[in-house]
>>> print(open('target07.json').read())   # JSON, C-alpha atoms
[["chain", "number", "residue", "atom", "x", "y", "z"],
["A", 219, "MET", "CA", 0.00, 0.00, 0.00],
["A", 220, "LYS", "CA", 2.83, 2.39, 0.87],
["A", 221, "ALA", "CA", 4.51, 1.66, -2.43],
["A", 222, "MET", "CA", 1.28, 2.36, -4.31],
["A", 223, "ALA", "CA", 0.78, 5.63, -2.42],
["A", 224, "ALA", "CA", 4.35, 6.70, -3.14],
["A", 225, "SER", "CA", 3.93, 5.86, -6.82],
["A", 226, "ALA", "CA", 0.69, 7.84, -6.99],
["A", 227, "ALA", "CA", 2.39, 10.81, -5.26],
["A", 228, "ARG", "CA", 5.25, 10.70, -7.79],
["A", 229, "ARG", "CA", 2.81, 10.62, -10.68],
["A", 230, "SER", "CA", 0.86, 13.52, -9.18],
["A", 231, "GLY", "CA", 4.07, 15.51, -8.66],
["A", 232, "GLY", "CA", 5.17, 14.77, -12.20],
["A", 233, "HIS", "CA", 1.85, 15.96, -13.62],
["A", 234, "TYR", "CA", 2.08, 19.14, -11.53],
["A", 235, "ARG", "CA", 5.60, 19.89, -12.77],
["A", 236, "GLU", "CA", 4.54, 19.24, -16.36],
["A", 237, "LYS", "CA", 1.62, 21.60, -15.90],
["A", 238, "GLN", "CA", 3.94, 24.30, -14.50],
["A", 239, "VAL", "CA", 6.31, 23.89, -17.44],
["A", 240, "LEU", "CA", 3.40, 24.12, -19.89],
["A", 241, "VAL", "CA", 2.08, 27.29, -18.24],
["A", 242, "ARG", "CA", 5.54, 28.88, -18.36],
["A", 243, "VAL", "CA", 5.93, 27.96, -22.02],
["A", 244, "ILE", "CA", 2.53, 29.47, -22.87],
["A", 245, "TRP", "CA", 3.32, 32.67, -20.98],
["A", 246, "THR", "CA", 6.72, 32.90, -22.67],
["A", 247, "VAL", "CA", 5.14, 32.53, -26.10],
["A", 248, "LEU", "CA", 2.48, 35.16, -25.31],
["A", 249, "ILE", "CA", 5.02, 37.64, -23.94],
["A", 250, "GLY", "CA", 7.29, 36.99, -26.94],
["A", 251, "ALA", "CA", 4.41, 37.63, -29.33],
["A", 252, "PHE", "CA", 3.50, 40.83, -27.52],
["A", 253, "ALA", "CA", 7.14, 41.99, -27.57],
["A", 254, "LEU", "CA", 7.28, 41.24, -31.30],
["A", 255, "THR", "CA", 4.33, 43.55, -31.93],
["A", 256, "MET", "CA", 6.32, 46.30, -30.19],
["A", 257, "ILE", "CA", 9.51, 45.63, -32.18],
["A", 258, "VAL", "CA", 8.02, 45.23, -35.66],
["A", 259, "PRO", "CA", 7.21, 48.96, -36.15],
["A", 260, "PHE", "CA", 10.81, 49.87, -35.30],
["A", 261, "LEU", "CA", 12.14, 47.29, -37.74],
["A", 262, "TRP", "CA", 9.85, 48.68, -40.44],
["A", 263, "MET", "CA", 11.07, 52.20, -39.65],
["A", 264, "ILE", "CA", 14.72, 51.19, -40.07],
["A", 265, "SER", "CA", 13.91, 49.35, -43.29],
["A", 266, "ALA", "CA", 11.87, 52.25, -44.71],
["A", 267, "SER", "CA", 14.61, 54.75, -43.86],
["A", 268, "MET", "CA", 16.90, 52.96, -46.34],
["A", 269, "LYS", "CA", 14.44, 52.84, -49.25],
["A", 270, "ARG", "CA", 13.40, 55.04, -52.13],
["A", 271, "PRO", "CA", 10.15, 57.01, -51.61],
["A", 272, "LEU", "CA", 8.19, 54.74, -53.99],
["A", 273, "ASP", "CA", 9.31, 51.56, -52.19],
["A", 274, "VAL", "CA", 8.25, 52.63, -48.68],
["A", 275, "MET", "CA", 4.54, 51.82, -49.16],
["A", 276, "LYS", "CA", 5.15, 48.80, -51.35],
["A", 277, "LEU", "CA", 3.05, 45.72, -50.50],
["A", 278, "PRO", "CA", 3.95, 43.11, -49.49],
["A", 279, "ILE", "CA", 6.54, 44.80, -47.34],
["A", 280, "ASP", "CA", 10.08, 44.34, -48.55],
["A", 281, "TRP", "CA", 11.77, 44.04, -45.16],
["A", 282, "ILE", "CA", 15.24, 43.69, -46.67],
["A", 283, "PRO", "CA", 15.45, 46.03, -49.67],
["A", 284, "ASP", "CA", 17.32, 44.96, -52.79],
["A", 285, "TYR", "CA", 19.06, 48.32, -52.81],
["A", 286, "TRP", "CA", 20.00, 50.36, -49.78],
["A", 287, "TYR", "CA", 19.97, 54.16, -49.75],
["A", 288, "PRO", "CA", 21.97, 55.38, -46.72],
["A", 289, "GLN", "CA", 22.08, 58.78, -48.39],
["A", 290, "ASN", "CA", 18.61, 59.31, -46.92],
["A", 291, "TYR", "CA", 20.36, 59.94, -43.61],
["A", 292, "MET", "CA", 22.81, 62.26, -45.34],
["A", 293, "LYS", "CA", 19.90, 64.23, -46.74],
["A", 294, "VAL", "CA", 18.26, 64.46, -43.34],
["A", 295, "TRP", "CA", 21.46, 65.70, -41.71],
["A", 296, "ASN", "CA", 22.39, 67.79, -44.77],
["A", 297, "VAL", "CA", 25.83, 66.16, -45.00],
["A", 298, "GLY", "CA", 28.08, 67.14, -47.87],
["A", 299, "GLY", "CA", 25.50, 69.29, -49.58],
["A", 300, "VAL", "CA", 23.52, 66.20, -50.61],
["A", 301, "ALA", "CA", 20.17, 67.68, -49.58],
["A", 302, "ALA", "CA", 18.09, 69.50, -52.16],
["A", 303, "ARG", "CA", 17.11, 71.95, -49.41],
["A", 304, "ASP", "CA", 18.31, 72.73, -45.93],
["A", 305, "TYR", "CA", 16.26, 70.82, -43.35],
["A", 306, "HIS", "CA", 18.11, 72.25, -40.31],
["A", 307, "PHE", "CA", 17.68, 68.87, -38.62],
["A", 308, "GLY", "CA", 21.05, 69.02, -36.86],
["A", 309, "LEU", "CA", 20.21, 72.38, -35.30],
["A", 310, "ALA", "CA", 16.84, 71.06, -34.10],
["A", 311, "TYR", "CA", 18.63, 68.02, -32.67],
["A", 312, "PHE", "CA", 20.94, 70.26, -30.65],
["A", 313, "ASN", "CA", 18.00, 72.39, -29.45],
["A", 314, "SER", "CA", 16.12, 69.32, -28.24],
["A", 315, "LEU", "CA", 19.17, 67.96, -26.41],
["A", 316, "LYS", "CA", 19.82, 71.33, -24.75],
["A", 317, "ILE", "CA", 16.24, 71.77, -23.55],
["A", 318, "ALA", "CA", 15.87, 68.14, -22.45],
["A", 319, "PHE", "CA", 19.06, 68.08, -20.37],
["A", 320, "ILE", "CA", 18.49, 71.49, -18.77],
["A", 321, "ASN", "CA", 14.94, 70.53, -17.77],
["A", 322, "LEU", "CA", 16.13, 67.10, -16.66],
["A", 323, "SER", "CA", 18.72, 68.59, -14.31],
["A", 324, "GLY", "CA", 16.44, 71.31, -13.00],
["A", 325, "SER", "CA", 13.34, 69.19, -12.46],
["A", 326, "VAL", "CA", 15.24, 66.37, -10.72],
["A", 327, "LEU", "CA", 16.86, 68.92, -8.38],
["A", 328, "THR", "CA", 13.64, 70.76, -7.53],
["A", 329, "SER", "CA", 11.61, 67.53, -7.25],
["A", 330, "THR", "CA", 14.17, 66.01, -4.90],
["A", 331, "LEU", "CA", 14.27, 69.11, -2.70],
["A", 332, "ALA", "CA", 10.49, 69.51, -2.59],
["A", 333, "GLY", "CA", 9.88, 65.78, -2.16],
["A", 334, "TYR", "CA", 12.26, 65.67, 0.79],
["A", 335, "ALA", "CA", 10.66, 68.73, 2.37],
["A", 336, "PHE", "CA", 7.12, 67.33, 2.07],
["A", 337, "ALA", "CA", 8.18, 63.87, 3.30],
["A", 338, "LYS", "CA", 10.51, 64.68, 6.20],
["A", 339, "ILE", "CA", 10.21, 68.31, 7.32],
["A", 340, "LYS", "CA", 7.22, 69.04, 9.55],
["A", 341, "PHE", "CA", 5.78, 72.51, 9.13],
["A", 342, "ARG", "CA", 2.34, 74.07, 9.50],
["A", 343, "GLY", "CA", 0.05, 73.44, 6.56],
["A", 344, "ALA", "CA", 2.36, 70.92, 4.89],
["A", 345, "THR", "CA", -0.44, 68.49, 4.05],
["A", 346, "GLY", "CA", -2.76, 71.19, 2.70],
["A", 347, "ILE", "CA", -0.02, 72.75, 0.58],
["A", 348, "PHE", "CA", 0.94, 69.34, -0.80],
["A", 349, "PHE", "CA", -2.63, 68.44, -1.76],
["A", 350, "LEU", "CA", -3.11, 71.88, -3.30],
["A", 351, "TYR", "CA", 0.10, 71.25, -5.23],
["A", 352, "LEU", "CA", -1.22, 67.89, -6.41],
["A", 353, "ALA", "CA", -4.53, 69.46, -7.45],
["A", 354, "THR", "CA", -2.70, 71.29, -10.24],
["A", 355, "MET", "CA", -2.16, 67.89, -11.90],
["A", 356, "MET", "CA", -5.87, 67.84, -12.73],
["A", 357, "ILE", "CA", -5.57, 70.96, -14.88],
["A", 358, "PRO", "CA", -4.97, 69.99, -18.54],
["A", 359, "SER", "CA", -1.81, 71.52, -19.97],
["A", 360, "GLN", "CA", -3.79, 72.84, -22.96],
["A", 361, "VAL", "CA", -5.80, 75.09, -20.64],
["A", 362, "THR", "CA", -2.66, 76.90, -19.49],
["A", 363, "LEU", "CA", -1.29, 77.62, -22.98],
["A", 364, "ILE", "CA", -2.98, 81.02, -23.39],
["A", 365, "PRO", "CA", -2.13, 82.28, -19.86],
["A", 366, "LYS", "CA", 1.47, 81.18, -20.33],
["A", 367, "PHE", "CA", 1.62, 82.83, -23.75],
["A", 368, "ILE", "CA", 0.38, 86.14, -22.28],
["A", 369, "LEU", "CA", 2.78, 85.86, -19.34],
["A", 370, "PHE", "CA", 5.77, 85.15, -21.58],
["A", 371, "ASN", "CA", 4.90, 88.15, -23.72],
["A", 372, "GLU", "CA", 4.67, 90.37, -20.65],
["A", 373, "ILE", "CA", 8.08, 89.38, -19.29],
["A", 374, "GLY", "CA", 9.71, 89.52, -22.73],
["A", 375, "ILE", "CA", 10.76, 85.91, -23.32],
["A", 376, "SER", "CA", 8.20, 84.98, -25.96],
["A", 377, "GLY", "CA", 9.70, 83.07, -28.88],
["A", 378, "THR", "CA", 12.77, 81.89, -26.95],
["A", 379, "HIS", "CA", 13.78, 78.56, -25.43],
["A", 380, "LEU", "CA", 13.05, 80.00, -21.98],
["A", 381, "THR", "CA", 9.34, 79.43, -22.70],
["A", 382, "LEU", "CA", 10.10, 75.70, -22.70],
["A", 383, "ILE", "CA", 12.79, 75.65, -20.03],
["A", 384, "LEU", "CA", 11.25, 77.68, -17.19],
["A", 385, "PRO", "CA", 7.98, 75.68, -16.90],
["A", 386, "GLY", "CA", 9.92, 72.43, -17.19],
["A", 387, "LEU", "CA", 12.18, 73.10, -14.22],
["A", 388, "ILE", "CA", 9.37, 72.13, -11.83],
["A", 389, "THR", "CA", 7.24, 69.01, -12.19],
["A", 390, "VAL", "CA", 4.35, 68.13, -9.88],
["A", 391, "THR", "CA", 4.60, 64.47, -10.80],
["A", 392, "GLY", "CA", 8.30, 64.42, -9.98],
["A", 393, "THR", "CA", 7.69, 66.01, -6.57],
["A", 394, "PHE", "CA", 5.00, 63.43, -5.81],
["A", 395, "LEU", "CA", 7.24, 60.52, -6.84],
["A", 396, "MET", "CA", 10.21, 61.74, -4.81],
["A", 397, "ARG", "CA", 8.02, 62.42, -1.77],
["A", 398, "GLN", "CA", 6.76, 58.84, -1.87],
["A", 399, "TYR", "CA", 10.35, 57.63, -2.19],
["A", 400, "PHE", "CA", 11.63, 59.66, 0.75],
["A", 401, "MET", "CA", 8.74, 58.53, 2.94],
["A", 402, "GLN", "CA", 10.19, 55.01, 2.81],
["A", 403, "VAL", "CA", 13.53, 56.19, 4.22],
["A", 404, "PRO", "CA", 13.70, 55.65, 8.02],
["A", 405, "ASP", "CA", 13.62, 58.85, 10.07],
["A", 406, "GLU", "CA", 16.49, 57.48, 12.17],
["A", 407, "LEU", "CA", 18.92, 58.29, 9.35],
["A", 408, "ARG", "CA", 17.88, 61.93, 9.40],
["A", 409, "GLU", "CA", 18.05, 62.05, 13.18],
["A", 410, "SER", "CA", 21.56, 60.59, 13.11],
["A", 411, "GLY", "CA", 22.60, 63.49, 10.90],
["A", 412, "TYR", "CA", 21.20, 65.94, 13.45],
["A", 413, "VAL", "CA", 23.17, 64.20, 16.20],
["A", 414, "ASP", "CA", 26.37, 64.69, 14.18],
["A", 415, "GLY", "CA", 25.57, 68.40, 13.83],
["A", 416, "ALA", "CA", 24.62, 68.35, 10.14],
["A", 417, "SER", "CA", 22.32, 70.98, 8.73],
["A", 418, "GLU", "CA", 19.09, 70.13, 6.88],
["A", 419, "LEU", "CA", 20.71, 70.81, 3.51],
["A", 420, "ARG", "CA", 23.71, 68.64, 4.35],
["A", 421, "ILE", "CA", 21.45, 65.79, 5.47],
["A", 422, "TRP", "CA", 19.61, 66.04, 2.17],
["A", 423, "ALA", "CA", 22.80, 66.15, 0.09],
["A", 424, "GLN", "CA", 24.93, 63.55, 1.88],
["A", 425, "ILE", "CA", 22.38, 61.13, 3.30],
["A", 426, "MET", "CA", 19.11, 61.34, 1.39],
["A", 427, "VAL", "CA", 20.32, 61.95, -2.17],
["A", 428, "PRO", "CA", 22.55, 58.82, -2.33],
["A", 429, "ILE", "CA", 19.68, 56.71, -1.01],
["A", 430, "ALA", "CA", 17.24, 58.22, -3.51],
["A", 431, "ALA", "CA", 19.58, 57.84, -6.51],
["A", 432, "PRO", "CA", 17.50, 55.06, -8.16],
["A", 433, "GLY", "CA", 14.33, 57.13, -7.86],
["A", 434, "MET", "CA", 16.10, 60.20, -9.21],
["A", 435, "ALA", "CA", 17.43, 58.21, -12.17],
["A", 436, "SER", "CA", 13.94, 56.91, -12.94],
["A", 437, "LEU", "CA", 12.55, 60.44, -12.76],
["A", 438, "ALA", "CA", 15.37, 61.72, -14.99],
["A", 439, "MET", "CA", 14.51, 59.19, -17.69],
["A", 440, "VAL", "CA", 10.84, 60.12, -17.61],
["A", 441, "VAL", "CA", 11.57, 63.86, -17.72],
["A", 442, "PHE", "CA", 13.95, 63.40, -20.64],
["A", 443, "LEU", "CA", 11.27, 61.57, -22.62],
["A", 444, "TRP", "CA", 8.67, 64.22, -21.78],
["A", 445, "ASN", "CA", 10.86, 67.01, -23.09],
["A", 446, "TRP", "CA", 12.28, 65.10, -26.04],
["A", 447, "ASN", "CA", 8.81, 64.23, -27.35],
["A", 448, "ASN", "CA", 7.15, 67.54, -26.48],
["A", 449, "TYR", "CA", 5.37, 68.81, -29.59],
["A", 450, "LEU", "CA", 2.61, 71.19, -28.52],
["A", 451, "ASP", "CA", 4.64, 73.71, -26.51],
["A", 452, "PRO", "CA", 7.34, 74.29, -29.17],
["A", 453, "LEU", "CA", 4.61, 74.56, -31.80],
["A", 454, "VAL", "CA", 2.85, 77.32, -29.84],
["A", 455, "PHE", "CA", 5.76, 79.25, -28.34],
["A", 456, "LEU", "CA", 8.51, 79.02, -30.98],
["A", 457, "THR", "CA", 8.32, 80.99, -34.21],
["A", 458, "ASN", "CA", 11.96, 81.09, -35.33],
["A", 459, "TRP", "CA", 13.08, 78.00, -37.27],
["A", 460, "ARG", "CA", 16.52, 78.25, -35.64],
["A", 461, "LEU", "CA", 14.89, 77.40, -32.30],
["A", 462, "TYR", "CA", 12.79, 74.44, -33.50],
["A", 463, "THR", "CA", 13.04, 71.09, -31.71],
["A", 464, "ILE", "CA", 12.96, 67.57, -33.15],
["A", 465, "PRO", "CA", 9.13, 67.08, -33.18],
["A", 466, "ILE", "CA", 8.70, 70.33, -35.12],
["A", 467, "ALA", "CA", 11.64, 69.60, -37.43],
["A", 468, "LEU", "CA", 10.05, 66.30, -38.49],
["A", 469, "THR", "CA", 7.23, 68.25, -40.13],
["A", 470, "ASN", "CA", 9.76, 69.75, -42.56],
["A", 471, "PHE", "CA", 9.61, 66.50, -44.52],
["A", 472, "ILE", "CA", 5.83, 66.77, -44.96],
["A", 473, "GLU", "CA", 4.66, 68.96, -47.82],
["A", 474, "GLU", "CA", 1.22, 69.79, -49.20],
["A", 475, "SER", "CA", 1.54, 67.56, -52.26],
["A", 476, "VAL", "CA", 3.89, 64.81, -51.08],
["A", 477, "THR", "CA", 5.34, 63.34, -47.91],
["A", 478, "GLU", "CA", 8.89, 61.99, -48.09],
["A", 479, "TYR", "CA", 8.30, 58.98, -45.86],
["A", 480, "ASN", "CA", 11.80, 57.62, -46.34],
["A", 481, "LEU", "CA", 13.26, 60.85, -44.97],
["A", 482, "VAL", "CA", 10.67, 60.99, -42.19],
["A", 483, "MET", "CA", 11.70, 57.46, -41.15],
["A", 484, "ALA", "CA", 15.40, 58.35, -41.33],
["A", 485, "ALA", "CA", 14.81, 61.41, -39.17],
["A", 486, "SER", "CA", 12.68, 59.40, -36.72],
["A", 487, "ALA", "CA", 15.34, 56.71, -36.43],
["A", 488, "SER", "CA", 17.94, 59.40, -35.72],
["A", 489, "ALA", "CA", 15.65, 60.95, -33.11],
["A", 490, "LEU", "CA", 15.34, 57.62, -31.27],
["A", 491, "LEU", "CA", 19.07, 57.28, -30.68],
["A", 492, "PRO", "CA", 19.28, 59.48, -27.54],
["A", 493, "VAL", "CA", 16.22, 57.73, -26.11],
["A", 494, "PHE", "CA", 17.91, 54.33, -26.42],
["A", 495, "ILE", "CA", 21.14, 55.67, -24.94],
["A", 496, "VAL", "CA", 19.36, 57.21, -21.94],
["A", 497, "PHE", "CA", 17.35, 54.05, -21.33],
["A", 498, "LEU", "CA", 20.36, 51.73, -21.58],
["A", 499, "ALA", "CA", 22.40, 53.99, -19.31],
["A", 500, "GLY", "CA", 19.68, 54.23, -16.66],
["A", 501, "GLN", "CA", 18.03, 50.82, -17.00],
["A", 502, "LYS", "CA", 19.62, 49.42, -13.83],
["A", 503, "PHE", "CA", 18.57, 52.44, -11.76],
["A", 504, "PHE", "CA", 15.12, 52.45, -13.36],
["A", 505, "VAL", "CA", 14.47, 48.85, -12.27],
["A", 506, "LYS", "CA", 15.78, 49.60, -8.76],
["A", 507, "GLY", "CA", 13.53, 52.64, -8.56],
["A", 508, "LEU", "CA", 10.48, 50.61, -9.54],
["A", 509, "MET", "CA", 11.34, 47.85, -7.05],
["A", 510, "ALA", "CA", 11.93, 50.33, -4.25],
["A", 511, "GLY", "CA", 8.62, 52.03, -4.98],
["A", 512, "ALA", "CA", 6.80, 48.71, -4.88],
["A", 513, "VAL", "CA", 8.18, 47.69, -1.46],
["A", 514, "LYS", "CA", 7.00, 49.51, 1.63],
["A", 515, "GLY", "CA", 9.31, 50.13, 4.56]]
>>> encode(input="target07.json", output="structure tokens")
Amino acid sequence: MKAMAASAARRSGGHYREKQVLVRVIWTVLIGAFALTMIVPFLWMISASMKRPLDVMKLPIDWIPDYWYPQNYMKVWNVGGVAARDYHFGLAYFNSLKIAFINLSGSVLTSTLAGYAFAKIKFRGATGIFFLYLATMMIPSQVTLIPKFILFNEIGISGTHLTLILPGLITVTGTFLMRQYFMQVPDELRESGYVDGASELRIWAQIMVPIAAPGMASLAMVVFLWNWNNYLDPLVFLTNWRLYTIPIALTNFIEESVTEYNLVMAASASALLPVFIVFLAGQKFFVKGLMAGAVKG
């Protein structure tokens, strides 16, 4: 009887393990298929950026063209006088990088300072001020375009990059994220700094900032993407083509009668390069930031 029971237990355990393996295989296939749907558009973009205009919309899709045209990238970047007209793409690229990195640095700094203050410093009305601060998140950004436009005109910075930089130095979402991060840091660390005679600013800089580095890196990546992909604000506030950013510069390849899709794809592929670099550089910190935010205490 014992032998029969043991044999039945082994069979049951074997069936359970087989079921687990089958479930994992199914999930792997589903996740792989979902990931493929995300990758295919990028592969098509790279392929289309190397084609002639007539071959871009050819069906069935010619994923590997018979003839490659890397000069599409030369036209986009206006290298060697190849372009029939000056697209100013390189200047727009520099403008986008400048605005994105300035806003990244400023917003991470202000969000870290404000998040620490709301999380650790006790002062009268802190909760009310914080909730009032959060309430501004419910206001659509489109509603503030006209007031900002009037304000920028009044202070004399209309049509400059300051119209994109000044509002981007402070982010409500970043302050909220950093506050939640700092709330997980034990108060004993801050108190130990007080015992050693450190000031509030020194405690923030030497104790809190190193601990919050993963959260700051995650916020930096998000802010960079926000500014890099921002289309509406440059469209409204910038009038000089020398100040255009990447999203506006992409419209240079779209004309009334024809759209040069091969050049649009080449420009889009070029525009994705900083995004991949930032993500690869901060991927480790981004995962740590997500894990830290998911664990309480």
>>> closest_residue(input="target07.json", among="A:Ile368, A:Leu490, A:Leu248, A:Leu382", to="A:Asn445", atoms="only C-alpha atoms")
A:Leu382
>>> residues_near_point(input="target07.json", point="(8.2, 63.2, -10.1)", cutoff="10 Å", atoms="only C-alpha atoms", output="list in words")
Ser325, Val326, Thr328, Ser329, Thr330, Gly333, Ile388, Thr389, Val390, Thr391, Gly392, Thr393, Phe394, Leu395, Met396, Arg397, Gln398, Tyr399, Gly433, Met434, Ser436, Leu437, Ala438, Val440 and Val441 of chain A
>>> closest_residue(input="target07.json", among="A:Tyr334, A:Tyr351, A:His379, A:Leu456", to="A:Gln402", atoms="all atoms listed in the file")
A:Tyr334
>>> closest_atom_pairs(input="target07.json", of="stretch 284-385 of chain A", to="stretch 406-420 of chain A", cutoff="10 Å", atoms="only C-alpha atoms", output="CSV")
residue,atom,partner,partner_atom,distance
A:Leu331,CA,A:Leu419,CA,9.1
A:Ala335,CA,A:Glu418,CA,9.7
A:Lys338,CA,A:Arg408,CA,8.5
A:Ile339,CA,A:Glu418,CA,9.1
>>> closest_residue(input="target07.json", among="A:Trp444, A:Lys502, A:Glu478, A:Leu461", to="A:Gly308", atoms="all atoms listed in the file")
A:Leu461
>>> atom_distance(input="target07.json", atom1="atom CA of A:Phe252", atom2="atom CA of A:Pro465")
27.4 Å
>>> atom_distance(input="target07.json", atom1="atom CA of A:Tyr311", atom2="atom CA of A:Phe370")
24.1 Å
>>> residues_around(input="target07.json", residues="A:Val454", least_positions_apart="2", cutoff="12 Å", atoms="all atoms listed in the file", output="PyMOL selection string")
chain A and resi 360+362-364+366-368+370+376-379+381-382+448-452+456-458+462+466
>>> atom_distance(input="target07.json", atom1="atom CA of A:Ile264", atom2="atom CA of A:Thr469")
18.6 Å
>>> residues_around(input="target07.json", residues="A:Ala310", least_positions_apart="2", cutoff="6 Å", atoms="only C-alpha atoms", output="VMD selection string")
chain A and resid 307 to 308 312 to 313 462 to 464
